[in-house]
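These notes are about the structure you will find just below.
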Amino acid sequence: MDIKLELVAVPVTDVDRAKAFYEQVGFNADHDVTVSEDIRFVQLTPPGSACSIALGKGLTKMAPGSLDNMQVVVADIEAAHAELTSRGIEVSPIDDQPWGSFVYFADPDGNGWAVQQITPRKAPEA
């Protein structure tokens, strides 16, 4: 039996502000539907990902900003750091660990993201 993760709700206070932020990060806006006065569904997908995020009104009971360490994976952490920085996203310096290299950022509500290059970077030549 296959089980595929397809959609993760991200709790936010301002849907339009969050949508603009994730588009700035580079996510593709797939859907933005107002179902009723109480429900709005916005789906965004990172480039190349099979899993999307959902922002909106009436979608989750989680407190805005309560997600921590959502993780996406890239082939080149240095390129990802440069791309995010060029898009105006405030990211951490690259954090090299034995299991991978990471940069971190948060959305305007404080939902935390980790960007991982699975294979650690090679140590700079001395």
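Residues are named by chain letter and number: chains run A, B, ... in the order of the structure tokens, numbers start at 1 in each chain, and ligands are numbered from 1 in the order shown.
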
Query raised in the report: Residues at most 9 Å from segment 23-27 of chain A, counting only C-alpha atoms, excluding those fewer than 3 positions away in the same chain, as a list of chain:residue names?
Result: A:Ala18, A:Lys19, A:Ala20, A:Leu44, A:Thr45, A:Pro46, A:Pro47, A:Ser52, A:Glu83, A:Leu84, A:Arg87, A:Gly88, A:Ile89

Query - Spatial neighbours of Ala82 of chain A, 12 Å, only C-alpha atoms, chain gap at least 3 places, as a ChimeraX atom specification - result: /A:25,76-79,85-94,103

How about saving the chosen residues, all heavy atoms kept, as an mmCIF file, in the first residue's frame?
```cif
data_model
loop_
_atom_site.group_PDB
_atom_site.id
_atom_site.type_symbol
_atom_site.label_atom_id
_atom_site.label_comp_id
_atom_site.auth_asym_id
_atom_site.auth_seq_id
_atom_site.Cartn_x
_atom_site.Cartn_y
_atom_site.Cartn_z
ATOM 1 N N VAL A 25 9.129 33.172 -1.844
ATOM 2 C CA VAL A 25 10.054 32.060 -1.633
ATOM 3 C C VAL A 25 10.235 31.272 -2.933
ATOM 4 O O VAL A 25 11.306 30.729 -3.202
ATOM 5 C CB VAL A 25 9.564 31.127 -0.490
ATOM 6 C CG1 VAL A 25 10.367 29.844 -0.426
ATOM 7 C CG2 VAL A 25 9.611 31.846 0.856
ATOM 8 N N ASP A 76 21.480 21.549 -3.888
ATOM 9 C CA ASP A 76 22.632 22.426 -3.653
ATOM 10 C C ASP A 76 22.249 23.503 -2.639
ATOM 11 O O ASP A 76 21.520 24.441 -2.963
ATOM 12 C CB ASP A 76 23.062 23.040 -4.980
ATOM 13 C CG ASP A 76 24.297 23.915 -4.891
ATOM 14 O OD1 ASP A 76 24.600 24.461 -3.803
ATOM 15 O OD2 ASP A 76 24.966 24.076 -5.935
ATOM 16 N N ILE A 77 22.723 23.364 -1.419
ATOM 17 C CA ILE A 77 22.356 24.299 -0.352
ATOM 18 C C ILE A 77 22.909 25.702 -0.597
ATOM 19 O O ILE A 77 22.259 26.686 -0.257
ATOM 20 C CB ILE A 77 22.776 23.755 1.040
ATOM 21 C CG1 ILE A 77 22.014 24.473 2.157
ATOM 22 C CG2 ILE A 77 24.273 23.849 1.240
ATOM 23 C CD1 ILE A 77 20.542 24.205 2.186
ATOM 24 N N GLU A 78 24.080 25.796 -1.207
ATOM 25 C CA GLU A 78 24.647 27.121 -1.486
ATOM 26 C C GLU A 78 23.797 27.860 -2.517
ATOM 27 O O GLU A 78 23.524 29.056 -2.361
ATOM 28 C CB GLU A 78 26.099 26.997 -1.939
ATOM 29 C CG GLU A 78 26.999 26.545 -0.804
ATOM 30 C CD GLU A 78 28.426 26.265 -1.235
ATOM 31 O OE1 GLU A 78 28.794 26.608 -2.376
ATOM 32 O OE2 GLU A 78 29.170 25.701 -0.412
ATOM 33 N N ALA A 79 23.345 27.144 -3.537
ATOM 34 C CA ALA A 79 22.469 27.755 -4.548
ATOM 35 C C ALA A 79 21.131 28.134 -3.924
ATOM 36 O O ALA A 79 20.575 29.201 -4.221
ATOM 37 C CB ALA A 79 22.267 26.801 -5.724
ATOM 38 N N THR A 85 18.052 34.344 -0.652
ATOM 39 C CA THR A 85 18.551 35.670 -0.309
ATOM 40 C C THR A 85 18.230 36.673 -1.419
ATOM 41 O O THR A 85 17.781 37.792 -1.152
ATOM 42 C CB THR A 85 20.065 35.618 -0.036
ATOM 43 O OG1 THR A 85 20.301 34.715 1.049
ATOM 44 C CG2 THR A 85 20.612 36.983 0.327
ATOM 45 N N SER A 86 18.409 36.250 -2.683
ATOM 46 C CA SER A 86 18.131 37.152 -3.813
ATOM 47 C C SER A 86 16.648 37.485 -3.910
ATOM 48 O O SER A 86 16.274 38.517 -4.459
ATOM 49 C CB SER A 86 18.626 36.540 -5.128
ATOM 50 O OG SER A 86 17.773 35.508 -5.567
ATOM 51 N N ARG A 87 15.799 36.615 -3.370
ATOM 52 C CA ARG A 87 14.352 36.854 -3.368
ATOM 53 C C ARG A 87 13.909 37.681 -2.162
ATOM 54 O O ARG A 87 12.726 37.901 -1.955
ATOM 55 C CB ARG A 87 13.604 35.523 -3.381
ATOM 56 C CG ARG A 87 13.738 34.754 -4.680
ATOM 57 C CD ARG A 87 13.106 33.367 -4.555
ATOM 58 N NE ARG A 87 12.978 32.709 -5.830
ATOM 59 C CZ ARG A 87 11.918 32.796 -6.626
ATOM 60 N NH1 ARG A 87 10.875 33.505 -6.281
ATOM 61 N NH2 ARG A 87 11.902 32.163 -7.782
ATOM 62 N N GLY A 88 14.863 38.090 -1.328
ATOM 63 C CA GLY A 88 14.550 38.926 -0.171
ATOM 64 C C GLY A 88 14.094 38.144 1.049
ATOM 65 O O GLY A 88 13.534 38.722 1.979
ATOM 66 N N ILE A 89 14.369 36.841 1.073
ATOM 67 C CA ILE A 89 13.999 36.010 2.218
ATOM 68 C C ILE A 89 15.153 36.013 3.210
ATOM 69 O O ILE A 89 16.303 35.761 2.831
ATOM 70 C CB ILE A 89 13.672 34.565 1.776
ATOM 71 C CG1 ILE A 89 12.582 34.546 0.691
ATOM 72 C CG2 ILE A 89 13.291 33.700 2.980
ATOM 73 C CD1 ILE A 89 11.273 35.185 1.098
ATOM 74 N N GLU A 90 14.863 36.279 4.468
ATOM 75 C CA GLU A 90 15.881 36.265 5.508
ATOM 76 C C GLU A 90 16.147 34.819 5.906
ATOM 77 O O GLU A 90 15.277 34.134 6.437
ATOM 78 C CB GLU A 90 15.405 37.069 6.724
ATOM 79 C CG GLU A 90 16.469 37.238 7.771
ATOM 80 C CD GLU A 90 16.001 38.124 8.918
ATOM 81 O OE1 GLU A 90 15.321 39.132 8.649
ATOM 82 O OE2 GLU A 90 16.316 37.783 10.068
ATOM 83 N N VAL A 91 17.348 34.341 5.580
ATOM 84 C CA VAL A 91 17.727 32.963 5.888
ATOM 85 C C VAL A 91 18.952 32.950 6.786
ATOM 86 O O VAL A 91 19.736 33.893 6.806
ATOM 87 C CB VAL A 91 18.005 32.131 4.608
ATOM 88 C CG1 VAL A 91 16.760 31.967 3.775
ATOM 89 C CG2 VAL A 91 19.132 32.722 3.796
ATOM 90 N N SER A 92 19.100 31.850 7.506
ATOM 91 C CA SER A 92 20.258 31.671 8.369
ATOM 92 C C SER A 92 21.506 31.415 7.521
ATOM 93 O O SER A 92 21.405 31.074 6.346
ATOM 94 C CB SER A 92 20.033 30.470 9.292
ATOM 95 O OG SER A 92 20.089 29.266 8.526
ATOM 96 N N PRO A 93 22.667 31.527 8.157
ATOM 97 C CA PRO A 93 23.869 31.021 7.483
ATOM 98 C C PRO A 93 23.723 29.503 7.285
ATOM 99 O O PRO A 93 22.913 28.858 7.956
ATOM 100 C CB PRO A 93 25.001 31.326 8.469
ATOM 101 C CG PRO A 93 24.462 32.378 9.390
ATOM 102 C CD PRO A 93 22.977 32.149 9.448
ATOM 103 N N ILE A 94 24.535 28.937 6.405
ATOM 104 C CA ILE A 94 24.489 27.489 6.180
ATOM 105 C C ILE A 94 25.016 26.770 7.414
ATOM 106 O O ILE A 94 26.056 27.110 7.962
ATOM 107 C CB ILE A 94 25.288 27.104 4.923
ATOM 108 C CG1 ILE A 94 24.656 27.746 3.684
ATOM 109 C CG2 ILE A 94 25.361 25.583 4.772
ATOM 110 C CD1 ILE A 94 25.456 27.593 2.403
ATOM 111 N N VAL A 103 19.769 25.483 5.752
ATOM 112 C CA VAL A 103 19.483 26.890 6.022
ATOM 113 C C VAL A 103 18.062 26.930 6.557
ATOM 114 O O VAL A 103 17.245 26.051 6.273
ATOM 115 C CB VAL A 103 19.652 27.824 4.798
ATOM 116 C CG1 VAL A 103 21.100 27.871 4.349
ATOM 117 C CG2 VAL A 103 18.744 27.448 3.662
#
```

Based on DSSP run over this structure's backbone, return all residues of chain A in strand (DSSP E or B), as a compact mmCIF listing (two decimals) with N, CA and C atoms, in the first residue's frame.
```txt
# COMPACT_ATOMS: atom_id res chain seq x y z
N LEU A 7 -0.63 17.16 1.24
CA LEU A 7 -0.98 18.52 1.64
C LEU A 7 -0.77 18.71 3.13
N VAL A 8 -0.13 19.83 3.49
CA VAL A 8 0.10 20.17 4.89
C VAL A 8 -0.47 21.57 5.13
N ALA A 9 -1.33 21.69 6.13
CA ALA A 9 -1.90 23.00 6.48
C ALA A 9 -0.86 23.81 7.25
N ASN A 28 4.64 27.80 -6.09
CA ASN A 28 3.65 28.07 -7.13
C ASN A 28 2.25 28.12 -6.50
N ALA A 29 1.50 29.16 -6.80
CA ALA A 29 0.12 29.27 -6.32
C ALA A 29 -0.77 28.43 -7.23
N ASP A 30 -1.29 27.32 -6.68
CA ASP A 30 -2.11 26.40 -7.46
C ASP A 30 -3.60 26.74 -7.40
N HIS A 31 -4.08 27.08 -6.22
CA HIS A 31 -5.50 27.38 -6.02
C HIS A 31 -5.64 28.51 -5.01
N ASP A 32 -6.66 29.33 -5.22
CA ASP A 32 -7.06 30.34 -4.24
C ASP A 32 -8.57 30.47 -4.39
N VAL A 33 -9.29 29.76 -3.53
CA VAL A 33 -10.74 29.68 -3.65
C VAL A 33 -11.40 30.10 -2.34
N THR A 34 -12.30 31.06 -2.43
CA THR A 34 -13.13 31.42 -1.29
C THR A 34 -14.41 30.63 -1.41
N VAL A 35 -14.58 29.68 -0.50
CA VAL A 35 -15.74 28.79 -0.53
C VAL A 35 -16.95 29.47 0.09
N SER A 36 -16.71 30.19 1.18
CA SER A 36 -17.77 30.90 1.88
C SER A 36 -17.12 32.00 2.70
N ILE A 39 -14.62 30.14 4.89
CA ILE A 39 -13.62 29.22 4.37
C ILE A 39 -12.96 29.79 3.12
N ARG A 40 -11.64 29.87 3.17
CA ARG A 40 -10.82 30.22 2.00
C ARG A 40 -9.69 29.21 1.94
N PHE A 41 -9.44 28.67 0.76
CA PHE A 41 -8.43 27.64 0.57
C PHE A 41 -7.40 28.12 -0.44
N VAL A 42 -6.14 28.21 0.00
CA VAL A 42 -5.04 28.58 -0.87
C VAL A 42 -4.03 27.44 -0.84
N GLN A 43 -3.73 26.90 -2.01
CA GLN A 43 -2.75 25.81 -2.10
C GLN A 43 -1.54 26.30 -2.86
N LEU A 44 -0.35 26.05 -2.28
CA LEU A 44 0.91 26.43 -2.91
C LEU A 44 1.83 25.22 -2.90
N THR A 45 2.63 25.09 -3.95
CA THR A 45 3.52 23.93 -4.08
C THR A 45 4.94 24.39 -4.37
N SER A 52 2.09 19.76 -1.27
CA SER A 52 1.76 21.18 -1.24
C SER A 52 1.47 21.63 0.18
N ILE A 53 1.37 22.95 0.35
CA ILE A 53 0.90 23.51 1.62
C ILE A 53 -0.45 24.17 1.36
N ALA A 54 -1.24 24.27 2.43
CA ALA A 54 -2.53 24.94 2.35
C ALA A 54 -2.57 26.05 3.38
N LEU A 55 -2.92 27.23 2.93
CA LEU A 55 -3.14 28.38 3.80
C LEU A 55 -4.61 28.72 3.68
N GLY A 56 -5.13 29.39 4.65
CA GLY A 56 -6.49 29.84 4.46
C GLY A 56 -7.21 30.18 5.72
N LYS A 57 -8.48 30.31 5.55
CA LYS A 57 -9.40 30.63 6.65
C LYS A 57 -10.30 29.41 6.83
N MET A 70 9.33 22.53 9.40
CA MET A 70 8.87 21.96 8.13
C MET A 70 10.13 21.87 7.27
N GLN A 71 10.27 20.80 6.52
CA GLN A 71 11.53 20.60 5.82
C GLN A 71 11.32 20.35 4.34
N VAL A 72 12.14 21.02 3.55
CA VAL A 72 12.21 20.78 2.12
C VAL A 72 13.66 20.40 1.79
N VAL A 73 13.85 19.72 0.68
CA VAL A 73 15.17 19.21 0.32
C VAL A 73 15.59 19.79 -1.03
N VAL A 74 16.86 20.17 -1.12
CA VAL A 74 17.43 20.71 -2.35
C VAL A 74 18.72 19.96 -2.69
N ASP A 95 24.25 25.78 7.85
CA ASP A 95 24.56 24.98 9.04
C ASP A 95 24.92 23.58 8.57
N ASP A 96 26.21 23.24 8.65
CA ASP A 96 26.68 21.92 8.22
C ASP A 96 26.61 20.94 9.38
N GLN A 97 25.92 19.84 9.17
CA GLN A 97 25.80 18.76 10.15
C GLN A 97 26.27 17.47 9.47
N GLY A 100 23.68 16.35 6.87
CA GLY A 100 23.24 17.27 5.84
C GLY A 100 23.61 18.70 6.15
N SER A 101 23.40 19.55 5.18
CA SER A 101 23.62 20.98 5.34
C SER A 101 22.28 21.69 5.25
N PHE A 102 22.09 22.72 6.08
CA PHE A 102 20.78 23.34 6.23
C PHE A 102 20.87 24.86 6.19
N VAL A 103 19.77 25.48 5.75
CA VAL A 103 19.48 26.89 6.02
C VAL A 103 18.06 26.93 6.56
N TYR A 104 17.79 27.95 7.35
CA TYR A 104 16.49 28.05 8.02
C TYR A 104 15.88 29.41 7.73
N PHE A 105 14.54 29.41 7.65
CA PHE A 105 13.80 30.67 7.53
C PHE A 105 12.44 30.48 8.17
N ALA A 106 11.74 31.59 8.37
CA ALA A 106 10.39 31.54 8.94
C ALA A 106 9.49 32.46 8.13
N GLY A 112 8.34 27.81 11.09
CA GLY A 112 9.74 27.59 10.78
C GLY A 112 9.99 26.54 9.71
N TRP A 113 10.93 26.83 8.82
CA TRP A 113 11.28 25.96 7.72
C TRP A 113 12.76 25.64 7.74
N ALA A 114 13.10 24.41 7.38
CA ALA A 114 14.48 23.99 7.17
C ALA A 114 14.63 23.59 5.71
N VAL A 115 15.68 24.07 5.09
CA VAL A 115 16.02 23.67 3.73
C VAL A 115 17.27 22.81 3.86
N GLN A 116 17.19 21.55 3.40
CA GLN A 116 18.29 20.61 3.60
C GLN A 116 18.89 20.14 2.29
N GLN A 117 20.21 20.13 2.26
CA GLN A 117 20.95 19.38 1.24
C GLN A 117 21.36 18.10 1.95
```

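Of note, atom CA of Ala75 of chain A and atom CA of Val15 of chain A are spaced 29.9 Å apart.
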
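Atom CA of Gly65 of chain A sits 13.3 Å away from atom CA of Arg17 of chain A.
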
Requested in this report: Could you give me the residues within segment 57-87 of chain A that DSSP places in alpha helix (DSSP H), as JSON, numbers by chain?
Outcome: {"A": [77, 78, 79, 80, 81, 82, 83, 84, 85, 86]}

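Using only C-alpha atoms, the smallest distance between any of A:Thr60, A:Ser49, A:Asn69, A:Thr119 and Thr13 of chain A comes from A:Thr60.
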
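Counting only C-alpha atoms and comparing A:Ala50, A:Lys61, A:Trp99, A:Leu67, the residue that lies closest to Lys4 of chain A is A:Ala50.
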
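Between atom CA of Asp109 of chain A and atom CA of Gly58 of chain A the interatomic distance comes to 16.7 Å.
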